[in-house]
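**Q** So I've got this file, query_35.cif, and it contains mmCIF, C-alpha atoms:
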```
data_query
loop_
_atom_site.label_atom_id
_atom_site.label_comp_id
_atom_site.auth_asym_id
_atom_site.auth_seq_id
_atom_site.Cartn_x
_atom_site.Cartn_y
_atom_site.Cartn_z
CA MET X 1 111.93 77.96 90.30
CA PRO X 2 112.69 80.65 87.68
CA ARG X 3 111.59 84.16 88.51
CA ILE X 4 111.62 87.61 87.00
CA ASN X 5 112.93 90.38 89.18
CA ASN X 6 112.79 94.06 88.44
CA ARG X 7 114.49 97.26 89.51
CA ILE X 8 111.56 99.56 88.84
CA ARG X 9 111.54 101.14 92.29
CA ARG X 10 115.30 101.82 92.20
CA LEU X 11 115.15 103.24 88.67
CA ARG X 12 112.15 105.44 89.53
CA PHE X 13 114.15 107.10 92.28
CA ASP X 14 117.18 107.42 90.01
CA HIS X 15 114.91 109.05 87.46
CA ASN X 16 114.15 112.29 89.39
CA GLU X 17 112.13 110.38 91.96
CA MET X 18 109.42 109.61 89.46
CA THR X 19 106.16 108.71 91.17
CA GLN X 20 104.31 105.47 90.51
CA GLU X 21 101.49 107.52 89.00
CA GLU X 22 103.85 109.26 86.56
CA LEU X 23 105.41 105.98 85.51
CA ALA X 24 101.99 104.41 85.09
CA ASN X 25 100.86 107.29 82.88
CA LYS X 26 104.00 107.07 80.76
CA ALA X 27 103.81 103.29 80.43
CA GLY X 28 100.06 103.23 79.82
CA CYS X 29 99.02 101.14 82.79
CA THR X 30 97.42 101.76 86.19
CA ARG X 31 99.31 102.73 89.35
CA GLN X 32 98.10 99.49 90.92
CA THR X 33 99.97 97.51 88.26
CA ILE X 34 103.19 99.42 89.01
CA ILE X 35 102.68 98.64 92.71
CA ALA X 36 102.10 94.94 91.89
CA LEU X 37 105.22 94.89 89.69
CA GLU X 38 107.40 96.49 92.35
CA GLN X 39 106.15 93.98 94.91
CA GLY X 40 106.85 91.09 92.55
CA LYS X 41 103.18 90.16 92.39
CA TYR X 42 102.82 90.47 88.64
CA VAL X 43 104.99 89.70 85.63
CA PRO X 44 104.27 92.10 82.75
CA SER X 45 103.80 91.30 79.09
CA ILE X 46 106.75 91.96 76.77
CA GLU X 47 104.98 95.06 75.47
CA LEU X 48 104.44 96.57 78.93
CA ALA X 49 107.98 95.66 79.95
CA PHE X 50 109.33 97.60 76.95
CA LYS X 51 107.05 100.56 77.73
CA ILE X 52 108.24 100.66 81.35
CA ALA X 53 111.87 100.42 80.31
CA ARG X 54 111.36 103.23 77.80
CA ALA X 55 109.57 105.39 80.39
CA LEU X 56 112.50 104.89 82.76
CA GLY X 57 115.03 105.61 80.00
CA ALA X 58 116.66 102.23 80.50
CA ARG X 59 117.21 99.05 78.53
CA LEU X 60 114.85 96.17 79.09
CA GLU X 61 117.53 93.99 80.69
CA ASP X 62 118.45 96.81 83.08
CA VAL X 63 114.88 96.87 84.38
CA PHE X 64 113.97 93.18 84.32
CA GLN X 65 116.20 90.24 85.18
CA TYR X 66 115.41 86.60 84.59
CA GLU X 67 116.83 84.29 87.26
CA VAL X 68 116.86 80.53 86.90
CA MET V 1 92.52 99.24 94.91
CA ALA V 2 92.36 99.10 91.10
CA PRO V 3 89.36 100.83 89.45
CA LEU V 4 88.07 97.52 88.09
CA GLN V 5 88.42 95.91 91.53
CA LYS V 6 86.37 98.73 93.10
CA ARG V 7 83.69 98.33 90.46
CA ALA V 8 83.65 94.56 90.95
CA TRP V 9 82.98 95.12 94.66
CA TRP V 10 80.14 97.49 93.80
CA GLY V 11 78.86 94.97 91.26
CA LEU V 12 78.96 92.20 93.86
CA ILE V 13 77.15 94.35 96.43
CA THR V 14 74.44 95.46 93.97
CA GLY V 15 74.16 91.91 92.63
CA THR V 16 73.69 90.52 96.13
CA VAL V 17 71.14 93.22 97.00
CA PHE V 18 69.20 92.55 93.79
CA THR V 19 69.33 88.79 94.42
CA ILE V 20 67.97 89.23 97.95
CA ALA V 21 65.32 91.65 96.63
CA PHE V 22 64.40 89.16 93.91
CA VAL V 23 64.01 86.28 96.37
CA LEU V 24 62.13 88.42 98.93
CA VAL V 25 59.73 89.90 96.37
CA PHE V 26 59.19 86.49 94.85
CA PHE V 27 58.24 84.77 98.07
CA LEU V 28 56.51 87.69 99.81
CA MET V 29 54.26 88.24 96.80
CA GLY V 30 53.04 84.68 96.67
CA GLY V 31 55.68 82.41 95.18
CA ILE V 32 55.61 80.39 92.00
CA ASP V 33 51.82 79.92 91.68
CA LYS V 34 51.10 83.65 91.95
CA PHE V 35 53.99 84.34 89.57
CA ASP V 36 52.43 82.03 87.01
CA GLN V 37 49.02 83.71 87.19
CA ASP V 38 49.70 87.37 87.95
CA ALA V 39 51.09 89.53 85.11
CA THR V 40 51.87 92.46 87.50
CA PHE V 41 53.95 90.17 89.64
CA ARG V 42 55.88 89.00 86.58
CA ILE V 43 56.50 92.61 85.50
CA ILE V 44 57.86 93.51 88.97
CA VAL V 45 60.23 90.54 88.87
CA ASP V 46 61.24 91.40 85.28
CA VAL V 47 62.01 94.99 86.28
CA LEU V 48 64.12 93.78 89.22
CA VAL V 49 66.09 91.35 87.06
CA ILE V 50 66.61 93.76 84.15
CA GLY V 51 67.48 96.57 86.62
CA GLY V 52 70.09 94.34 88.24
CA LEU V 53 71.60 93.37 84.90
CA VAL V 54 71.76 96.99 83.70
CA ALA V 55 73.37 98.05 87.02
CA ASN V 56 75.97 95.31 86.58
CA LEU V 57 76.62 96.38 82.99
CA ILE V 58 77.22 99.98 84.12
CA MET V 59 79.34 98.94 87.11
CA VAL V 60 81.58 96.33 85.55
CA ASN V 61 81.33 95.74 81.82
CA ILE V 62 81.28 99.29 80.43
CA PRO V 63 84.47 100.36 82.30
CA LEU V 64 86.26 97.41 80.69
CA LYS V 65 85.86 99.13 77.34
CA LYS V 66 87.00 102.58 78.55
CA ALA V 67 90.57 103.52 77.67
CA GLY V 68 92.84 104.08 80.68
CA MET V 69 90.41 102.49 83.11
CA VAL V 70 91.90 99.02 82.86
CA ASP V 71 95.29 97.76 81.78
CA GLU V 72 96.68 94.36 80.80
CA ARG V 73 96.78 93.10 84.40
CA ASP V 74 93.11 93.96 84.90
CA LYS V 75 92.27 92.29 81.59
CA VAL V 76 94.10 89.10 82.60
CA ILE V 77 92.04 89.02 85.79
CA ALA V 78 88.78 89.86 83.99
CA ASP V 79 89.46 87.13 81.42
CA ARG V 80 89.75 84.54 84.21
CA ALA V 81 86.49 85.57 85.88
CA PRO V 82 84.31 83.38 83.59
CA ARG V 83 85.75 80.30 85.33
CA VAL V 84 83.98 81.37 88.53
CA GLN V 85 80.88 82.31 86.50
CA TRP V 86 80.78 78.90 84.88
CA LEU V 87 81.11 77.09 88.21
CA ALA V 88 78.39 79.25 89.77
CA VAL V 89 76.04 78.58 86.84
CA VAL V 90 76.66 74.83 86.97
CA PHE V 91 76.04 74.69 90.73
CA THR V 92 72.87 76.77 90.32
CA LEU V 93 71.55 74.43 87.62
CA VAL V 94 72.44 71.38 89.70
CA ALA V 95 70.56 72.88 92.68
CA TRP V 96 67.53 73.59 90.48
CA VAL V 97 67.52 70.11 88.94
CA ILE V 98 67.82 68.34 92.29
CA GLY V 99 65.28 70.66 93.94
CA LEU V 100 62.68 70.36 91.17
CA ASN V 101 63.20 66.63 90.85
CA GLU V 102 62.67 66.12 94.57
CA ALA V 103 59.66 68.47 94.73
CA TYR V 104 57.82 67.10 91.70
CA GLN V 105 58.96 63.49 91.60
CA LYS V 106 55.55 62.15 92.64
CA THR V 107 53.53 64.15 90.13
CA ASP V 108 56.09 63.66 87.35
CA LEU V 109 55.08 67.10 86.05
CA ILE V 110 57.24 70.20 86.53
CA PRO V 111 55.37 73.49 85.81
CA GLY V 112 56.71 75.28 82.73
CA VAL V 113 57.04 78.57 84.63
CA PHE V 114 60.11 77.14 86.34
CA LEU V 115 62.00 77.42 83.06
CA TYR V 116 61.54 81.18 83.21
CA VAL V 117 62.54 81.42 86.89
CA MET V 118 65.55 79.15 86.32
CA PHE V 119 66.73 81.31 83.44
CA MET V 120 66.34 84.51 85.48
CA SER V 121 68.18 83.03 88.46
CA VAL V 122 71.04 81.80 86.26
CA LEU V 123 71.35 85.29 84.73
CA ILE V 124 71.53 86.92 88.16
CA ILE V 125 73.99 84.35 89.51
CA SER V 126 76.15 84.58 86.40
CA THR V 127 76.54 88.37 86.53
CA THR V 128 77.13 88.41 90.28
CA ALA V 129 79.67 85.58 89.95
CA GLN V 130 81.55 87.58 87.31
CA CYS V 131 82.18 90.29 89.94
CA LEU V 132 83.14 87.64 92.48
CA GLY V 133 85.54 86.12 89.91
CA ILE V 134 87.24 89.48 89.43
CA ILE V 135 87.60 90.00 93.19
CA ILE V 136 89.01 86.47 93.60
CA GLY V 137 91.39 87.17 90.68
CA TYR V 138 92.89 90.21 92.42
CA TRP V 139 93.12 88.32 95.69
CA ARG V 140 94.87 85.36 94.06
CA MET V 141 97.29 87.58 92.17
CA ASP V 142 98.21 89.26 95.45
CA ARG V 143 98.55 85.94 97.25
CA ASN V 144 100.40 84.03 94.53
CA ALA V 145 103.24 86.50 94.19
CA GLN V 146 106.54 85.07 92.97
CA ASP V 147 108.18 83.31 95.91
#
```
Can you turn what I pasted into C-alpha coordinates?

**A**
Amino acid sequence: MPRINNRIRRLRFDHNEMTQEELANKAGCTRQTIIALEQGKYVPSIELAFKIARALGARLEDVFQYEV
Amino acid sequence: MAPLQKRAWWGLITGTVFTIAFVLVFFLMGGIDKFDQDATFRIIVDVLVIGGLVANLIMVNIPLKKAGMVDERDKVIADRAPRVQWLAVVFTLVAWVIGLNEAYQKTDLIPGVFLYVMFMSVLIISTTAQCLGIIIGYWRMDRNAQD
(Lines of atoms letter the chains of each structure in order from A and count residues from 1; the text may use other names and numbers.)
(Lines give C-alpha, C1' and ligand atoms only; values in the text may rest on other atoms or scores of the structure.)
Protein backbone atom coordinates (compact mmCIF):
# COMPACT_ATOMS: atom_id res chain seq x y z
CA MET A 1 0.00 0.00 0.00
CA PRO A 2 1.47 3.41 -0.93
CA ARG A 3 2.35 5.70 1.94
CA ILE A 4 3.75 9.15 2.53
CA ASN A 5 6.59 9.39 4.98
CA ASN A 6 8.11 12.56 6.34
CA ARG A 7 11.29 13.72 8.00
CA ILE A 8 9.74 16.59 9.94
CA ARG A 9 11.11 15.51 13.32
CA ARG A 10 14.65 15.07 11.94
CA LEU A 11 14.56 18.39 10.09
CA ARG A 12 13.19 20.22 13.15
CA PHE A 13 16.20 19.12 15.16
CA ASP A 14 18.54 20.00 12.31
CA HIS A 15 16.91 23.41 12.23
CA ASN A 16 18.16 24.71 15.62
CA GLU A 17 15.98 22.22 17.46
CA MET A 18 12.83 23.99 16.40
CA THR A 19 9.90 23.11 18.64
CA GLN A 20 6.64 21.70 17.33
CA GLU A 21 4.93 24.89 18.46
CA GLU A 22 7.35 27.07 16.49
CA LEU A 23 6.93 24.97 13.38
CA ALA A 24 3.16 25.02 13.77
CA ASN A 25 3.16 28.81 14.06
CA LYS A 26 5.37 29.18 11.00
CA ALA A 27 3.35 26.71 8.94
CA GLY A 28 -0.02 28.06 10.09
CA CYS A 29 -1.37 24.93 11.71
CA THR A 30 -1.84 23.62 15.25
CA ARG A 31 0.83 21.79 17.27
CA GLN A 32 -1.48 18.76 17.34
CA THR A 33 -1.30 18.55 13.55
CA ILE A 34 2.52 18.60 13.65
CA ILE A 35 2.37 15.79 16.24
CA ALA A 36 -0.04 13.81 14.02
CA LEU A 37 2.22 14.36 11.00
CA GLU A 38 5.34 13.23 12.84
CA GLN A 39 3.53 10.11 14.03
CA GLY A 40 2.32 9.35 10.50
CA LYS A 41 -1.31 9.76 11.52
CA TYR A 42 -2.14 12.48 9.04
CA VAL A 43 -1.20 13.29 5.46
CA PRO A 44 -1.19 17.06 4.84
CA SER A 45 -2.64 18.94 1.91
CA ILE A 46 -0.21 20.13 -0.77
CA GLU A 47 -0.49 23.66 0.58
CA LEU A 48 0.40 22.67 4.16
CA ALA A 49 3.20 20.42 2.91
CA PHE A 50 4.74 23.39 1.07
CA LYS A 51 4.33 25.63 4.13
CA ILE A 52 6.06 23.06 6.36
CA ALA A 53 8.88 22.59 3.88
CA ARG A 54 9.33 26.36 3.64
CA ALA A 55 9.29 26.73 7.44
CA LEU A 56 12.00 24.07 7.67
CA GLY A 57 14.02 25.69 4.88
CA ALA A 58 13.90 22.51 2.84
CA ARG A 59 12.49 21.33 -0.47
CA LEU A 60 9.18 19.53 -0.47
CA GLU A 61 10.74 16.22 -1.54
CA ASP A 62 13.30 16.47 1.25
CA VAL A 63 10.50 16.63 3.80
CA PHE A 64 7.94 14.25 2.31
CA GLN A 65 8.61 11.00 0.49
CA TYR A 66 6.09 8.96 -1.43
CA GLU A 67 6.69 5.21 -1.22
CA VAL A 68 4.85 2.73 -3.39
CA MET B 1 -5.66 17.51 22.63
CA ALA B 2 -6.56 19.89 19.79
CA PRO B 3 -8.61 22.99 20.74
CA LEU B 4 -11.55 21.83 18.63
CA GLN B 5 -11.40 18.37 20.23
CA LYS B 6 -11.52 19.93 23.71
CA ARG B 7 -14.50 22.04 22.71
CA ALA B 8 -16.24 19.03 21.20
CA TRP B 9 -15.88 17.23 24.54
CA TRP B 10 -17.34 20.24 26.34
CA GLY B 11 -20.11 20.40 23.74
CA LEU B 12 -20.87 16.71 24.23
CA ILE B 13 -20.93 17.09 28.02
CA THR B 14 -23.18 20.18 27.93
CA GLY B 15 -25.37 18.56 25.27
CA THR B 16 -25.80 15.44 27.39
CA VAL B 17 -26.54 17.50 30.51
CA PHE B 18 -29.11 19.59 28.62
CA THR B 19 -30.68 16.45 27.15
CA ILE B 20 -31.00 14.86 30.59
CA ALA B 21 -32.36 18.15 31.99
CA PHE B 22 -34.83 18.35 29.10
CA VAL B 23 -36.10 14.80 29.66
CA LEU B 24 -36.23 15.19 33.47
CA VAL B 25 -38.05 18.54 33.35
CA PHE B 26 -40.41 17.20 30.74
CA PHE B 27 -41.48 14.15 32.70
CA LEU B 28 -41.25 15.60 36.21
CA MET B 29 -43.46 18.52 35.23
CA GLY B 30 -46.24 16.36 33.88
CA GLY B 31 -45.33 14.99 30.47
CA ILE B 32 -46.93 15.59 27.12
CA ASP B 33 -50.47 16.46 28.30
CA LYS B 34 -49.25 19.16 30.69
CA PHE B 35 -46.88 20.42 28.00
CA ASP B 36 -49.78 20.81 25.61
CA GLN B 37 -51.88 22.81 28.08
CA ASP B 38 -49.40 24.78 30.19
CA ALA B 39 -47.69 27.79 28.56
CA THR B 40 -45.19 28.16 31.47
CA PHE B 41 -44.11 24.58 31.00
CA ARG B 42 -43.56 25.19 27.28
CA ILE B 43 -41.50 28.32 28.03
CA ILE B 44 -39.27 26.38 30.48
CA VAL B 45 -38.67 23.68 27.87
CA ASP B 46 -38.05 26.33 25.18
CA VAL B 47 -35.48 28.07 27.40
CA LEU B 48 -33.72 24.75 28.05
CA VAL B 49 -33.58 23.87 24.37
CA ILE B 50 -32.51 27.33 23.18
CA GLY B 51 -29.97 27.54 26.05
CA GLY B 52 -28.49 24.21 25.00
CA LEU B 53 -28.27 25.25 21.36
CA VAL B 54 -26.61 28.58 22.22
CA ALA B 55 -24.13 26.79 24.52
CA ASN B 56 -23.28 24.41 21.68
CA LEU B 57 -22.86 27.31 19.26
CA ILE B 58 -20.43 29.02 21.64
CA MET B 59 -18.56 25.79 22.42
CA VAL B 60 -18.16 24.32 18.97
CA ASN B 61 -19.34 26.35 16.00
CA ILE B 62 -17.93 29.81 16.77
CA PRO B 63 -14.34 28.54 17.31
CA LEU B 64 -14.50 26.97 13.84
CA LYS B 65 -14.63 30.46 12.39
CA LYS B 66 -11.79 31.87 14.52
CA ALA B 67 -8.43 32.16 12.78
CA GLY B 68 -5.66 30.03 14.31
CA MET B 69 -8.07 27.98 16.39
CA VAL B 70 -8.49 25.24 13.80
CA ASP B 71 -6.38 24.13 10.88
CA GLU B 72 -6.98 21.94 7.84
CA ARG B 73 -6.85 18.70 9.85
CA ASP B 74 -9.50 19.97 12.25
CA LYS B 75 -11.62 21.12 9.31
CA VAL B 76 -11.39 17.68 7.66
CA ILE B 77 -12.62 16.13 10.90
CA ALA B 78 -15.35 18.75 11.41
CA ASP B 79 -16.54 18.25 7.82
CA ARG B 80 -17.01 14.52 8.47
CA ALA B 81 -19.02 15.06 11.66
CA PRO B 82 -22.36 15.52 9.80
CA ARG B 83 -22.28 11.81 8.92
CA VAL B 84 -22.71 10.99 12.62
CA GLN B 85 -25.29 13.80 12.93
CA TRP B 86 -27.30 12.41 10.05
CA LEU B 87 -27.28 8.88 11.48
CA ALA B 88 -28.31 10.16 14.92
CA VAL B 89 -31.17 12.18 13.43
CA VAL B 90 -32.41 9.23 11.36
CA PHE B 91 -32.33 6.88 14.37
CA THR B 92 -34.13 9.49 16.50
CA LEU B 93 -36.87 9.88 13.89
CA VAL B 94 -37.19 6.11 13.51
CA ALA B 95 -37.55 5.78 17.31
CA TRP B 96 -40.21 8.51 17.35
CA VAL B 97 -42.16 6.99 14.46
CA ILE B 98 -42.14 3.49 15.93
CA GLY B 99 -42.92 4.77 19.44
CA LEU B 100 -45.79 7.02 18.36
CA ASN B 101 -47.19 4.41 16.02
CA GLU B 102 -47.22 1.79 18.77
CA ALA B 103 -48.64 4.18 21.38
CA TYR B 104 -51.44 5.62 19.24
CA GLN B 105 -52.20 2.79 16.85
CA LYS B 106 -55.58 2.06 18.45
CA THR B 107 -56.82 5.65 18.46
CA ASP B 108 -55.35 6.40 15.02
CA LEU B 109 -54.82 9.98 16.22
CA ILE B 110 -51.39 11.33 17.20
CA PRO B 111 -51.56 14.65 19.14
CA GLY B 112 -50.10 17.56 17.15
CA VAL B 113 -47.91 18.63 20.08
CA PHE B 114 -45.64 15.69 19.29
CA LEU B 115 -44.48 17.49 16.16
CA TYR B 116 -43.05 20.22 18.37
CA VAL B 117 -41.41 17.77 20.79
CA MET B 118 -40.01 15.70 17.91
CA PHE B 119 -38.48 18.79 16.33
CA MET B 120 -36.92 19.89 19.63
CA SER B 121 -35.51 16.43 20.31
CA VAL B 122 -34.04 16.19 16.80
CA LEU B 123 -32.37 19.61 17.28
CA ILE B 124 -30.82 18.53 20.58
CA ILE B 125 -29.69 15.16 19.22
CA SER B 126 -28.29 16.75 16.06
CA THR B 127 -26.12 19.30 17.90
CA THR B 128 -24.91 16.76 20.45
CA ALA B 129 -24.14 14.26 17.68
CA GLN B 130 -22.05 16.90 15.89
CA CYS B 131 -19.74 16.99 18.94
CA LEU B 132 -19.72 13.20 19.08
CA GLY B 133 -18.85 13.12 15.36
CA ILE B 134 -15.86 15.40 15.94
CA ILE B 135 -14.62 13.27 18.85
CA ILE B 136 -15.02 10.08 16.76
CA GLY B 137 -13.18 11.83 13.90
CA TYR B 138 -10.12 12.50 16.07
CA TRP B 139 -10.23 8.99 17.46
CA ARG B 140 -10.44 7.44 13.98
CA MET B 141 -7.64 9.61 12.64
CA ASP B 142 -5.45 8.47 15.53
CA ARG B 143 -6.42 4.83 15.05
CA ASN B 144 -6.23 4.71 11.25
CA ALA B 145 -2.68 5.96 11.00
CA GLN B 146 -0.75 4.83 7.93
CA ASP B 147 0.36 1.25 8.52

**Q** Which polymer residues have any atom within 10 Å of an atom of Asp62 (chain X), counting only C-alpha atoms, with same-chain residues fewer than 6 positions away left out, as a PyMOL selection string?

**A** chain X and resi 6-8+11+53

**Q** Within 8 Å of chain V, which residues belong to chain X? Use all atoms listed in the file and report them as a PDB file with C-alpha atoms, keeping the file's coordinate frame.

**A**
```pdb
ATOM      1  CA  ARG X   3     111.590  84.160  88.510  1.00  0.00           C
ATOM      2  CA  GLY X  28     100.060 103.230  79.820  1.00  0.00           C
ATOM      3  CA  CYS X  29      99.020 101.140  82.790  1.00  0.00           C
ATOM      4  CA  THR X  30      97.420 101.760  86.190  1.00  0.00           C
ATOM      5  CA  GLN X  32      98.100  99.490  90.920  1.00  0.00           C
ATOM      6  CA  THR X  33      99.970  97.510  88.260  1.00  0.00           C
ATOM      7  CA  ALA X  36     102.100  94.940  91.890  1.00  0.00           C
ATOM      8  CA  GLY X  40     106.850  91.090  92.550  1.00  0.00           C
ATOM      9  CA  LYS X  41     103.180  90.160  92.390  1.00  0.00           C
ATOM     10  CA  TYR X  42     102.820  90.470  88.640  1.00  0.00           C
ATOM     11  CA  PRO X  44     104.270  92.100  82.750  1.00  0.00           C
ATOM     12  CA  SER X  45     103.800  91.300  79.090  1.00  0.00           C
TER      13      SER X  45
END
```

**Q** Applying 12 Å and all atoms listed in the file, which residues near Val23 (chain V) remain after dropping the ones on its own chain fewer than 4 positions away? List them as a count of residues only.

**A** 17

**Q** Name the residues captured by the PyMOL selection byres ((chain V and resi 36) around 10) when it is applied to the shown file; answer as JSON, numbers by chain.

**A** {"V": [31, 32, 33, 34, 35, 37, 38, 39, 41, 42, 111, 112, 113, 114, 116]}

**Q** Do a neighbour search on Leu87 (chain V) at 12 Å with all atoms listed in the file, toss out local chain neighbours closer than 4 positions, and write the hits as an NGL selection string.

**A** :V and (81-83 or 91-94 or 122 or 125-126 or 129-130 or 132-133)

**Q** Which of these residues is nearest to Glu67 (chain X), using only C-alpha atoms: X:Arg31, X:Ile4, X:Phe50, X:Arg9?

**A**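 For Glu67 (chain X), the nearest of the given residues is X:Ile4.
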
**Q** Could you tell me which residues the PyMOL selection byres ((chain X and resi 49) around 10) grabs in this file, written as a ChimeraX atom specification?

**A** /X:6,27,43-48,50-55,59-61,63-64

**Q** In Å to one decimal, how far is CA of Leu57 (chain V) from CA of Ile135 (chain V)?

**A**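 CA of Ile135 (chain V) sits 16.3 Å away from CA of Leu57 (chain V).
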
**Q** Would you be able to write out as a list in words which residues have an atom within 9 Å of (88.2, 93.6, 94.4) in the file's coordinates, counting all atoms listed in the file?

**A** Met1, Ala2, Pro3, Leu4, Gln5, Lys6, Arg7, Ala8, Trp9, Trp10, Cys131, Leu132, Ile134, Ile135, Ile136, Gly137, Tyr138 and Trp139 of chain V

**Q** Given the choices V:Ile20, V:Ile110, V:Val47, V:Leu123, which gets closest to Trp86 (chain V) if the distance is worked out from all atoms listed in the file?

**A** V:Leu123

**Q** To one decimal place in Å, what is the distance between CA of Val54 (chain V) and CA of Leu12 (chain V)?

**A** 13.3 Å

**Q** From the set X:Gly57, X:Gln39, X:Arg10, X:Asn5, which residue has the shortest atom-to-atom contact distance to Lys26 (chain X), counting all atoms listed in the file?

**A**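 Answer, going by the shortest atom-to-atom distance: X:Gly57.
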